[in-house]
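Listing of work_31.pdb, PDB, C-alpha atoms
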ATOM      1  CA  MET A   1       0.000   0.000   0.000
ATOM      2  CA  LYS A   2       1.484   3.339  -1.044
ATOM      3  CA  GLU A   3       1.621   6.274   1.342
ATOM      4  CA  CYS A   4      -0.579   9.347   1.010
ATOM      5  CA  LYS A   5       2.480  11.397  -0.007
ATOM      6  CA  TYR A   6       2.710   9.369  -3.231
ATOM      7  CA  TYR A   7      -0.835  10.412  -4.194
ATOM      8  CA  PHE A   8      -0.328  13.969  -2.943
ATOM      9  CA  ASP A   9       2.508  14.417  -5.460
ATOM     10  CA  LYS A  10       0.326  13.224  -8.321
ATOM     11  CA  ILE A  11      -2.940  14.942  -7.557
ATOM     12  CA  SER A  12      -2.535  17.858 -10.009
ATOM     13  CA  GLU A  13      -1.680  15.530 -12.875
ATOM     14  CA  TYR A  14      -4.689  13.404 -11.914
ATOM     15  CA  LEU A  15      -7.022  16.435 -11.977
ATOM     16  CA  ASP A  16      -5.576  17.459 -15.354
ATOM     17  CA  GLY A  17      -6.180  13.991 -16.842
ATOM     18  CA  GLU A  18      -2.481  13.559 -17.558
ATOM     19  CA  LEU A  19      -2.004  10.149 -15.939
ATOM     20  CA  GLY A  20      -2.465   6.653 -17.339
ATOM     21  CA  VAL A  21      -5.641   4.666 -16.692
ATOM     22  CA  ASN A  22      -4.015   2.338 -14.152
ATOM     23  CA  VAL A  23      -2.621   5.155 -12.011
ATOM     24  CA  CYS A  24      -5.999   6.932 -12.172
ATOM     25  CA  HIS A  25      -7.785   3.810 -10.898
ATOM     26  CA  GLU A  26      -5.200   3.486  -8.135
ATOM     27  CA  ILE A  27      -5.724   7.119  -7.075
ATOM     28  CA  GLU A  28      -9.515   6.826  -7.206
ATOM     29  CA  ALA A  29      -9.405   3.717  -5.011
ATOM     30  CA  HIS A  30      -7.220   5.565  -2.508
ATOM     31  CA  LEU A  31      -9.479   8.650  -2.489
ATOM     32  CA  LYS A  32     -12.451   6.449  -1.617
ATOM     33  CA  GLU A  33     -10.599   5.116   1.413
ATOM     34  CA  CYS A  34      -8.787   8.232   2.622
ATOM     35  CA  PRO A  35     -10.856  11.295   3.680
ATOM     36  CA  GLU A  36      -7.767  13.470   4.093
ATOM     37  CA  CYS A  37      -6.574  12.890   0.528
ATOM     38  CA  ARG A  38     -10.156  13.310  -0.687
ATOM     39  CA  HIS A  39     -10.287  16.728   0.991
ATOM     40  CA  CYS A  40      -6.900  17.539  -0.524
ATOM     41  CA  ALA A  41      -8.102  16.664  -4.048
ATOM     42  CA  ASP A  42     -11.487  18.393  -3.648
ATOM     43  CA  SER A  43     -10.047  21.620  -2.254
ATOM     44  CA  LEU A  44      -7.386  21.735  -4.961
ATOM     45  CA  LYS A  45     -10.025  21.211  -7.644
ATOM     46  CA  LYS A  46     -12.136  24.022  -6.158
ATOM     47  CA  THR A  47      -9.100  26.316  -6.068
ATOM     48  CA  ILE A  48      -8.434  25.742  -9.775
ATOM     49  CA  GLN A  49     -12.107  26.276 -10.691
ATOM     50  CA  LEU A  50     -12.331  29.452  -8.640
ATOM     51  CA  CYS A  51      -9.206  30.938 -10.240
ATOM     52  CA  ARG A  52     -10.467  30.051 -13.724
ATOM     53  CA  GLU A  53     -13.930  31.517 -13.096
ATOM     54  CA  THR A  54     -12.669  34.828 -11.796
ATOM     55  CA  GLY A  55      -9.491  35.040 -13.824
ATOM     56  CA  LYS A  56     -10.376  36.798 -17.078
ATOM     57  CA  GLU A  57      -9.938  40.540 -17.547
ATOM     58  CA  LYS A  58     -11.026  42.966 -20.257
ATOM     59  CA  VAL A  59      -8.949  45.777 -21.707
ATOM     60  CA  PRO A  60     -10.462  49.078 -20.464
ATOM     61  CA  SER A  61     -11.955  51.064 -23.382
ATOM     62  CA  GLU A  62      -9.638  54.088 -23.040
ATOM     63  CA  MET A  63      -6.647  51.736 -23.048
ATOM     64  CA  ARG A  64      -8.021  50.023 -26.143
ATOM     65  CA  ALA A  65      -8.153  53.354 -27.992
ATOM     66  CA  ARG A  66      -4.585  54.236 -26.919
ATOM     67  CA  LEU A  67      -3.319  50.843 -28.057
ATOM     68  CA  LYS A  68      -4.998  51.151 -31.448
ATOM     69  CA  SER A  69      -3.533  54.576 -32.176
ATOM     70  CA  ALA A  70      -0.059  53.576 -30.912
ATOM     71  CA  LEU A  71       0.002  50.554 -33.194
ATOM     72  CA  GLN A  72      -1.241  52.489 -36.197
ATOM     73  CA  ARG A  73       1.288  55.262 -35.611
ATOM     74  CA  CYS A  74       4.142  52.820 -35.269
ATOM     75  CA  LEU A  75       3.191  50.749 -38.296
ATOM     76  CA  ASN A  76       2.677  53.830 -40.450
ATOM     77  CA  GLU A  77       6.187  54.961 -39.535
ATOM     78  CA  ASN A  78       7.692  51.492 -40.085
ATOM     79  CA  PRO A  79       5.538  49.558 -42.530
ATOM     80  CA  CYS A  80       6.572  45.925 -42.171
ATOM     81  CA  SER A  81       4.879  44.324 -45.155
ATOM     82  CA  LYS A  82       6.822  46.238 -47.746
TER      83      LYS A  82
ATOM     84  CA  MET B   1      -6.427  14.375 -65.967
ATOM     85  CA  GLN B   2      -5.824  15.179 -62.334
ATOM     86  CA  THR B   3      -3.350  12.738 -60.765
ATOM     87  CA  ASN B   4      -3.132  14.318 -57.354
ATOM     88  CA  SER B   5      -6.202  15.619 -55.544
ATOM     89  CA  PHE B   6      -4.067  17.820 -53.252
ATOM     90  CA  THR B   7      -3.249  21.257 -54.594
ATOM     91  CA  GLU B   8      -0.153  23.211 -53.508
ATOM     92  CA  GLU B   9      -2.434  25.356 -51.350
ATOM     93  CA  ASP B  10      -3.787  22.207 -49.607
ATOM     94  CA  LYS B  11      -0.232  21.017 -48.886
ATOM     95  CA  ILE B  12       0.712  24.384 -47.391
ATOM     96  CA  MET B  13      -2.481  24.500 -45.307
ATOM     97  CA  SER B  14      -1.870  21.027 -43.882
ATOM     98  CA  THR B  15       1.475  22.147 -42.405
ATOM     99  CA  LEU B  16       0.066  25.280 -40.774
ATOM    100  CA  ALA B  17      -0.669  25.340 -37.068
ATOM    101  CA  THR B  18      -2.776  28.500 -37.262
ATOM    102  CA  ASP B  19      -6.553  28.237 -37.584
ATOM    103  CA  ASP B  20      -8.349  29.433 -40.741
ATOM    104  CA  THR B  21      -9.289  32.841 -39.328
ATOM    105  CA  ASP B  22      -5.772  33.633 -38.136
ATOM    106  CA  HIS B  23      -4.273  32.359 -41.395
ATOM    107  CA  LEU B  24      -6.526  34.664 -43.394
ATOM    108  CA  LEU B  25      -5.820  37.668 -41.156
ATOM    109  CA  ILE B  26      -2.057  37.044 -41.305
ATOM    110  CA  SER B  27      -2.177  36.824 -45.128
ATOM    111  CA  GLN B  28      -4.193  40.044 -45.299
ATOM    112  CA  PHE B  29      -1.792  41.776 -42.912
ATOM    113  CA  LYS B  30       1.181  40.677 -45.019
ATOM    114  CA  ALA B  31      -0.616  42.207 -48.008
ATOM    115  CA  GLY B  32      -0.777  45.524 -46.135
ATOM    116  CA  SER B  33      -4.236  45.477 -44.514
ATOM    117  CA  MET B  34      -4.491  47.631 -41.381
ATOM    118  CA  ASP B  35      -7.970  46.231 -40.867
ATOM    119  CA  ALA B  36      -6.462  42.743 -40.481
ATOM    120  CA  MET B  37      -4.062  44.098 -37.869
ATOM    121  CA  GLU B  38      -6.966  45.545 -35.882
ATOM    122  CA  LYS B  39      -8.851  42.253 -36.066
ATOM    123  CA  ILE B  40      -5.825  40.343 -34.758
ATOM    124  CA  VAL B  41      -5.578  42.813 -31.861
ATOM    125  CA  GLU B  42      -9.313  42.452 -31.130
ATOM    126  CA  ARG B  43      -8.990  38.655 -31.056
ATOM    127  CA  TYR B  44      -6.145  38.549 -28.535
ATOM    128  CA  GLU B  45      -5.870  41.836 -26.612
ATOM    129  CA  ASP B  46      -8.015  40.757 -23.630
ATOM    130  CA  GLN B  47      -6.006  37.560 -23.206
ATOM    131  CA  ILE B  48      -2.643  39.313 -23.361
ATOM    132  CA  PHE B  49      -3.951  42.021 -21.023
ATOM    133  CA  THR B  50      -5.137  39.392 -18.496
ATOM    134  CA  PHE B  51      -1.731  37.732 -18.651
ATOM    135  CA  GLY B  52       0.134  41.043 -18.246
ATOM    136  CA  LEU B  53      -2.035  42.185 -15.355
ATOM    137  CA  LYS B  54      -1.742  38.884 -13.513
ATOM    138  CA  MET B  55       2.000  38.792 -14.046
ATOM    139  CA  CYS B  56       2.769  42.292 -12.775
ATOM    140  CA  GLY B  57      -0.334  43.572 -10.961
ATOM    141  CA  HIS B  58      -0.308  47.127 -12.350
ATOM    142  CA  LEU B  59      -2.591  48.538 -15.024
ATOM    143  CA  GLN B  60       0.183  50.656 -16.543
ATOM    144  CA  ASP B  61       2.563  47.685 -16.743
ATOM    145  CA  ALA B  62      -0.177  45.535 -18.255
ATOM    146  CA  GLU B  63      -0.847  48.221 -20.890
ATOM    147  CA  ASP B  64       2.877  48.380 -21.710
ATOM    148  CA  ILE B  65       2.989  44.594 -22.026
ATOM    149  CA  VAL B  66       0.013  44.529 -24.415
ATOM    150  CA  GLN B  67       1.458  47.345 -26.513
ATOM    151  CA  GLU B  68       4.993  45.921 -26.695
ATOM    152  CA  THR B  69       3.676  42.445 -27.464
ATOM    153  CA  PHE B  70       1.632  43.604 -30.447
ATOM    154  CA  LEU B  71       4.314  46.006 -31.691
ATOM    155  CA  ASN B  72       6.859  43.182 -31.681
ATOM    156  CA  ALA B  73       4.371  40.791 -33.218
ATOM    157  CA  PHE B  74       3.506  43.089 -36.127
ATOM    158  CA  ARG B  75       7.167  43.910 -36.641
ATOM    159  CA  TYR B  76       7.960  40.226 -37.183
ATOM    160  CA  LEU B  77       4.651  38.866 -38.454
ATOM    161  CA  LYS B  78       5.891  38.957 -42.054
ATOM    162  CA  ASP B  79       8.431  36.256 -41.093
ATOM    163  CA  PHE B  80       5.964  34.168 -39.048
ATOM    164  CA  ARG B  81       5.776  30.760 -40.751
ATOM    165  CA  GLU B  82       2.645  29.622 -38.898
ATOM    166  CA  GLU B  83       4.370  26.545 -37.490
ATOM    167  CA  THR B  84       2.758  27.332 -34.152
ATOM    168  CA  LYS B  85      -0.645  28.818 -33.392
ATOM    169  CA  LEU B  86      -0.737  32.622 -33.556
ATOM    170  CA  ARG B  87      -2.022  32.708 -29.963
ATOM    171  CA  ASN B  88       0.945  30.652 -28.713
ATOM    172  CA  TRP B  89       3.396  32.838 -30.649
ATOM    173  CA  LEU B  90       1.859  36.004 -29.171
ATOM    174  CA  PHE B  91       2.102  34.598 -25.645
ATOM    175  CA  LYS B  92       5.734  33.657 -26.241
ATOM    176  CA  ILE B  93       6.387  37.299 -27.120
ATOM    177  CA  ALA B  94       4.308  38.490 -24.134
ATOM    178  CA  ALA B  95       6.251  36.216 -21.755
ATOM    179  CA  ARG B  96       9.545  37.667 -23.038
ATOM    180  CA  VAL B  97       8.210  41.201 -22.574
ATOM    181  CA  CYS B  98       7.232  40.312 -18.979
ATOM    182  CA  TYR B  99      10.692  38.847 -18.267
ATOM    183  CA  ARG B 100      12.356  42.012 -19.603
ATOM    184  CA  LYS B 101      10.055  44.251 -17.615
ATOM    185  CA  ARG B 102      10.757  42.287 -14.472
ATOM    186  CA  ARG B 103      14.519  42.600 -14.945
ATOM    187  CA  LYS B 104      14.282  46.352 -15.591
ATOM    188  CA  LYS B 105      12.096  46.958 -12.550
ATOM    189  CA  LYS B 106      14.141  44.691 -10.284
ATOM    190  CA  PHE B 107      11.025  42.764  -9.340
ATOM    191  CA  GLU B 108      11.159  40.354  -6.430
ATOM    192  CA  PRO B 109      13.697  37.534  -6.813
ATOM    193  CA  ASP B 110      12.513  34.049  -7.693
ATOM    194  CA  ARG B 111      12.372  31.595  -4.802
ATOM    195  CA  GLU B 112      11.633  27.905  -4.589
ATOM    196  CA  LEU B 113       8.385  26.520  -3.188
ATOM    197  CA  SER B 114       9.147  23.295  -1.410
ATOM    198  CA  LEU B 115       6.569  20.523  -1.590
ATOM    199  CA  ASP B 116       7.275  19.698   2.064
ATOM    200  CA  SER B 117       6.099  23.153   3.128
ATOM    201  CA  PHE B 118       2.571  22.154   2.114
ATOM    202  CA  VAL B 119       2.552  19.044   4.288
ATOM    203  CA  THR B 120       1.792  19.348   7.995
ATOM    204  CA  LYS B 121       3.785  17.390  10.593
ATOM    205  CA  ASP B 122       0.924  15.166  11.657
ATOM    206  CA  GLY B 123      -0.712  14.683   8.305
ATOM    207  CA  LEU B 124      -0.845  15.643   4.673
ATOM    208  CA  THR B 125      -2.810  18.843   4.556
ATOM    209  CA  SER B 126      -4.690  21.297   6.737
ATOM    210  CA  ASN B 127      -8.409  21.880   6.569
ATOM    211  CA  TYR B 128      -8.863  24.238   3.623
ATOM    212  CA  GLU B 129     -11.935  26.358   3.056
ATOM    213  CA  ILE B 130     -12.281  27.312  -0.575
ATOM    214  CA  PRO B 131     -15.364  29.394  -1.468
ATOM    215  CA  ASP B 132     -17.675  28.101  -4.146
ATOM    216  CA  LEU B 133     -18.924  30.771  -6.552
ATOM    217  CA  SER B 134     -21.539  28.553  -8.124
ATOM    218  CA  ASN B 135     -23.434  28.459  -4.807
ATOM    219  CA  ASN B 136     -23.956  32.197  -4.861
ATOM    220  CA  PRO B 137     -23.634  33.600  -8.373
ATOM    221  CA  SER B 138     -25.747  36.705  -7.790
ATOM    222  CA  GLU B 139     -23.569  38.270  -5.114
ATOM    223  CA  GLN B 140     -21.536  40.681  -7.218
ATOM    224  CA  LEU B 141     -19.841  42.241  -4.193
ATOM    225  CA  GLU B 142     -18.713  38.884  -2.942
ATOM    226  CA  ARG B 143     -17.488  38.016  -6.419
ATOM    227  CA  ASN B 144     -15.434  41.224  -6.594
ATOM    228  CA  GLU B 145     -13.938  40.602  -3.165
ATOM    229  CA  LEU B 146     -13.068  37.071  -4.153
ATOM    230  CA  LYS B 147     -11.491  38.279  -7.364
ATOM    231  CA  GLN B 148      -9.368  40.648  -5.326
ATOM    232  CA  ILE B 149      -8.304  37.810  -3.019
ATOM    233  CA  ILE B 150      -7.419  35.610  -5.976
ATOM    234  CA  ASN B 151      -5.479  38.311  -7.829
ATOM    235  CA  THR B 152      -3.469  39.211  -4.721
ATOM    236  CA  SER B 153      -2.766  35.541  -4.079
ATOM    237  CA  ILE B 154      -1.592  34.949  -7.667
ATOM    238  CA  LEU B 155       0.676  37.999  -7.437
ATOM    239  CA  SER B 156       2.255  36.624  -4.269
ATOM    240  CA  LEU B 157       3.434  33.517  -6.150
ATOM    241  CA  PRO B 158       7.161  33.573  -6.970
ATOM    242  CA  PRO B 159       7.434  34.627 -10.647
ATOM    243  CA  LYS B 160       8.526  31.324 -12.164
ATOM    244  CA  TYR B 161       5.459  29.636 -10.644
ATOM    245  CA  ARG B 162       3.230  32.580 -11.596
ATOM    246  CA  PHE B 163       4.207  32.284 -15.275
ATOM    247  CA  VAL B 164       3.252  28.614 -15.351
ATOM    248  CA  PHE B 165       0.042  29.020 -13.346
ATOM    249  CA  ASN B 166      -1.231  31.911 -15.480
ATOM    250  CA  LEU B 167      -0.534  30.111 -18.738
ATOM    251  CA  ARG B 168      -1.942  26.747 -17.624
ATOM    252  CA  ASP B 169      -4.868  27.566 -15.349
ATOM    253  CA  ILE B 170      -5.929  31.048 -16.439
ATOM    254  CA  GLU B 171      -5.149  30.959 -20.179
ATOM    255  CA  GLY B 172      -5.771  27.238 -20.614
ATOM    256  CA  PHE B 173      -2.598  26.246 -22.487
ATOM    257  CA  ASN B 174      -1.721  22.586 -22.117
ATOM    258  CA  THR B 175       1.514  21.330 -20.557
ATOM    259  CA  LYS B 176       3.402  21.024 -23.863
ATOM    260  CA  GLU B 177       2.302  24.440 -25.121
ATOM    261  CA  THR B 178       3.302  26.046 -21.815
ATOM    262  CA  SER B 179       6.720  24.380 -21.959
ATOM    263  CA  GLU B 180       7.225  25.725 -25.498
ATOM    264  CA  ILE B 181       6.101  29.249 -24.598
ATOM    265  CA  LEU B 182       8.406  29.433 -21.568
ATOM    266  CA  GLY B 183      11.253  27.335 -22.965
ATOM    267  CA  ILE B 184      11.253  24.889 -20.036
ATOM    268  CA  SER B 185      10.671  21.120 -19.845
ATOM    269  CA  THR B 186       7.197  19.614 -19.528
ATOM    270  CA  GLN B 187       8.275  18.115 -16.184
ATOM    271  CA  ALA B 188       9.182  21.595 -14.908
ATOM    272  CA  VAL B 189       5.727  22.828 -15.988
ATOM    273  CA  LYS B 190       4.020  20.012 -14.057
ATOM    274  CA  THR B 191       6.130  20.483 -10.932
ATOM    275  CA  ARG B 192       5.697  24.268 -10.863
ATOM    276  CA  LEU B 193       1.976  24.060 -11.568
ATOM    277  CA  HIS B 194       1.349  21.597  -8.730
ATOM    278  CA  ARG B 195       3.261  23.759  -6.234
ATOM    279  CA  ALA B 196       1.604  26.950  -7.472
ATOM    280  CA  ARG B 197      -1.834  25.409  -6.943
ATOM    281  CA  LEU B 198      -0.950  24.187  -3.440
ATOM    282  CA  PHE B 199       0.379  27.646  -2.585
ATOM    283  CA  LEU B 200      -2.764  29.362  -3.903
ATOM    284  CA  ARG B 201      -5.060  26.974  -2.079
ATOM    285  CA  GLU B 202      -3.330  27.868   1.169
ATOM    286  CA  LYS B 203      -3.373  31.629   0.491
ATOM    287  CA  ILE B 204      -6.985  31.754  -0.695
ATOM    288  CA  SER B 205      -8.196  29.624   2.198
ATOM    289  CA  GLU B 206      -6.337  31.794   4.747
ATOM    290  CA  LYS B 207      -7.686  35.035   3.303
ATOM    291  CA  PHE B 208     -11.200  33.649   3.007
ATOM    292  CA  LYS B 209     -11.132  32.546   6.661
ATOM    293  CA  GLU B 210      -9.823  35.991   7.705
ATOM    294  CA  GLY B 211     -12.659  37.637   5.773
ATOM    295  CA  GLU B 212     -15.241  35.352   7.369
ATOM    296  CA  ALA B 213     -13.838  36.135  10.836
ATOM    297  CA  VAL B 214     -14.101  39.903  10.235
ATOM    298  CA  GLN B 215     -17.776  39.720   9.160
TER     299      GLN B 215
END
This entry written out as structure tokens:
Amino acid sequence: MKECKYYFDKISEYLDGELGVNVCHEIEAHLKECPECRHCADSLKKTIQLCRETGKEKVPSEMRARLKSALQRCLNENPCSK
Amino acid sequence: MQTNSFTEEDKIMSTLATDDTDHLLISQFKAGSMDAMEKIVERYEDQIFTFGLKMCGHLQDAEDIVQETFLNAFRYLKDFREETKLRNWLFKIAARVCYRKRRKKKFEPDRELSLDSFVTKDGLTSNYEIPDLSNNPSEQLERNELKQIINTSILSLPPKYRFVFNLRDIEGFNTKETSEILGISTQAVKTRLHRARLFLREKISEKFKEGEAVQ
């Protein structure tokens, strides 16, 4: 029987679906038996979801206008397709 | 009589990593279209801005990163052979811009996150409380506070872990793509990502508990 530390090291790869079928089955069997590792996996999964859900930003409109004119000015001065 | 059903154009297309829209916009840009340039910016500016903001934490720095990324991209787009996706190429440029900016500003030095620091003496992990947004989607204030907690936590990651976390978990690049963008091994991506997530779980849980205690 492997120690919890073995599964702890692999939990991110497991959540990302980057492990082979056999290792996944092994981890799932361990998670059923071990509440501490189950909490570890669940809380890590929630952390990733939370960061993804709140992570995206939008360029503010005044910044968008500045960016557009800076790019146009620069490319007019140094046309790169010629 | 046609002996080969593949045209030259088909052969070229099959070796391109860019999608049809990007391929068309790149061709139009190479032919001198400013409209194509604007469309490329529209497609990717929010993503590059998110990356810049989460890497350095300041609006002005994020704006500089977006601007320098696109200026560099359009300067060299005529030589871009479309062997990688346009998005990946842009992020490779953006990552380099961030590195340069960090060096110039003498940002905080990189430090290692040890896996052992996330394991308690008597067991594997503490009791973490991670808020669940899906339980309470209408609370805009709570959402904004949470976003603040998350952004501060991401910014407190040592830079080499922050690069990997932002590319993998915020931008959604896979392990191989992230390794190519940053020029590190896939194993390094996996190791850094795992430690970054453990670090963030701890930070977010701590700050969430503090917030709960204050209320």
Excluding same-chain residues fewer than 2 positions from Cys40 in chain A, what lies within 12 Å of it counting all atoms listed in the file, as a PDB file with C-alpha atoms, in the coordinates of the input?
ATOM      1  CA  CYS A   4      -0.579   9.347   1.010  1.00  0.00           C
ATOM      2  CA  LYS A   5       2.480  11.397  -0.007  1.00  0.00           C
ATOM      3  CA  TYR A   7      -0.835  10.412  -4.194  1.00  0.00           C
ATOM      4  CA  PHE A   8      -0.328  13.969  -2.943  1.00  0.00           C
ATOM      5  CA  ASP A   9       2.508  14.417  -5.460  1.00  0.00           C
ATOM      6  CA  LYS A  10       0.326  13.224  -8.321  1.00  0.00           C
ATOM      7  CA  ILE A  11      -2.940  14.942  -7.557  1.00  0.00           C
ATOM      8  CA  SER A  12      -2.535  17.858 -10.009  1.00  0.00           C
ATOM      9  CA  LEU A  15      -7.022  16.435 -11.977  1.00  0.00           C
ATOM     10  CA  LEU A  31      -9.479   8.650  -2.489  1.00  0.00           C
ATOM     11  CA  CYS A  34      -8.787   8.232   2.622  1.00  0.00           C
ATOM     12  CA  PRO A  35     -10.856  11.295   3.680  1.00  0.00           C
ATOM     13  CA  GLU A  36      -7.767  13.470   4.093  1.00  0.00           C
ATOM     14  CA  CYS A  37      -6.574  12.890   0.528  1.00  0.00           C
ATOM     15  CA  ARG A  38     -10.156  13.310  -0.687  1.00  0.00           C
ATOM     16  CA  ASP A  42     -11.487  18.393  -3.648  1.00  0.00           C
ATOM     17  CA  SER A  43     -10.047  21.620  -2.254  1.00  0.00           C
ATOM     18  CA  LEU A  44      -7.386  21.735  -4.961  1.00  0.00           C
ATOM     19  CA  LYS A  45     -10.025  21.211  -7.644  1.00  0.00           C
ATOM     20  CA  LYS A  46     -12.136  24.022  -6.158  1.00  0.00           C
ATOM     21  CA  THR A  47      -9.100  26.316  -6.068  1.00  0.00           C
TER      22      THR A  47
ATOM     23  CA  PHE B 118       2.571  22.154   2.114  1.00  0.00           C
ATOM     24  CA  VAL B 119       2.552  19.044   4.288  1.00  0.00           C
ATOM     25  CA  GLY B 123      -0.712  14.683   8.305  1.00  0.00           C
ATOM     26  CA  LEU B 124      -0.845  15.643   4.673  1.00  0.00           C
ATOM     27  CA  THR B 125      -2.810  18.843   4.556  1.00  0.00           C
ATOM     28  CA  SER B 126      -4.690  21.297   6.737  1.00  0.00           C
ATOM     29  CA  ASN B 127      -8.409  21.880   6.569  1.00  0.00           C
ATOM     30  CA  TYR B 128      -8.863  24.238   3.623  1.00  0.00           C
ATOM     31  CA  GLU B 129     -11.935  26.358   3.056  1.00  0.00           C
ATOM     32  CA  ILE B 130     -12.281  27.312  -0.575  1.00  0.00           C
ATOM     33  CA  ARG B 197      -1.834  25.409  -6.943  1.00  0.00           C
ATOM     34  CA  LEU B 198      -0.950  24.187  -3.440  1.00  0.00           C
ATOM     35  CA  ARG B 201      -5.060  26.974  -2.079  1.00  0.00           C
ATOM     36  CA  GLU B 202      -3.330  27.868   1.169  1.00  0.00           C
TER      37      GLU B 202
END
Checklist line | Expected answer as a list of chain:residue names: chain B residues within 6 Å of chain A, all atoms listed in the file | finding: B:Lys30, B:Gly32, B:Asp46, B:Thr50, B:Arg75, B:Lys147, B:Ile170, B:His194, B:Arg201
Next item on the list: On this file, the PyMOL selection byres ((chain B and resi 99-113) around 6) gives some set of residues; write that set as a PyMOL selection string.
Entry: chain B and resi 96-98+114+158-159
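Evaluated against this file, the PyMOL selection byres ((chain A and resi 23) around 12) yields Lys2, Tyr6, Tyr7, Lys10, Ile11, Glu13, Tyr14, Gly17, Glu18, Leu19, Gly20, Val21, Asn22, Cys24, His25, Glu26, Ile27, Glu28, Ala29 and His30 of chain A.
Counting from CA of Phe51 in chain B, the distance to CA of Lys85 in chain B is 17.3 Å.
If you measure from each of B:Leu146, B:Val189, B:Leu86, B:Met55 to Arg162 in chain B using all atoms listed in the file, the closest one turns out to be B:Met55.
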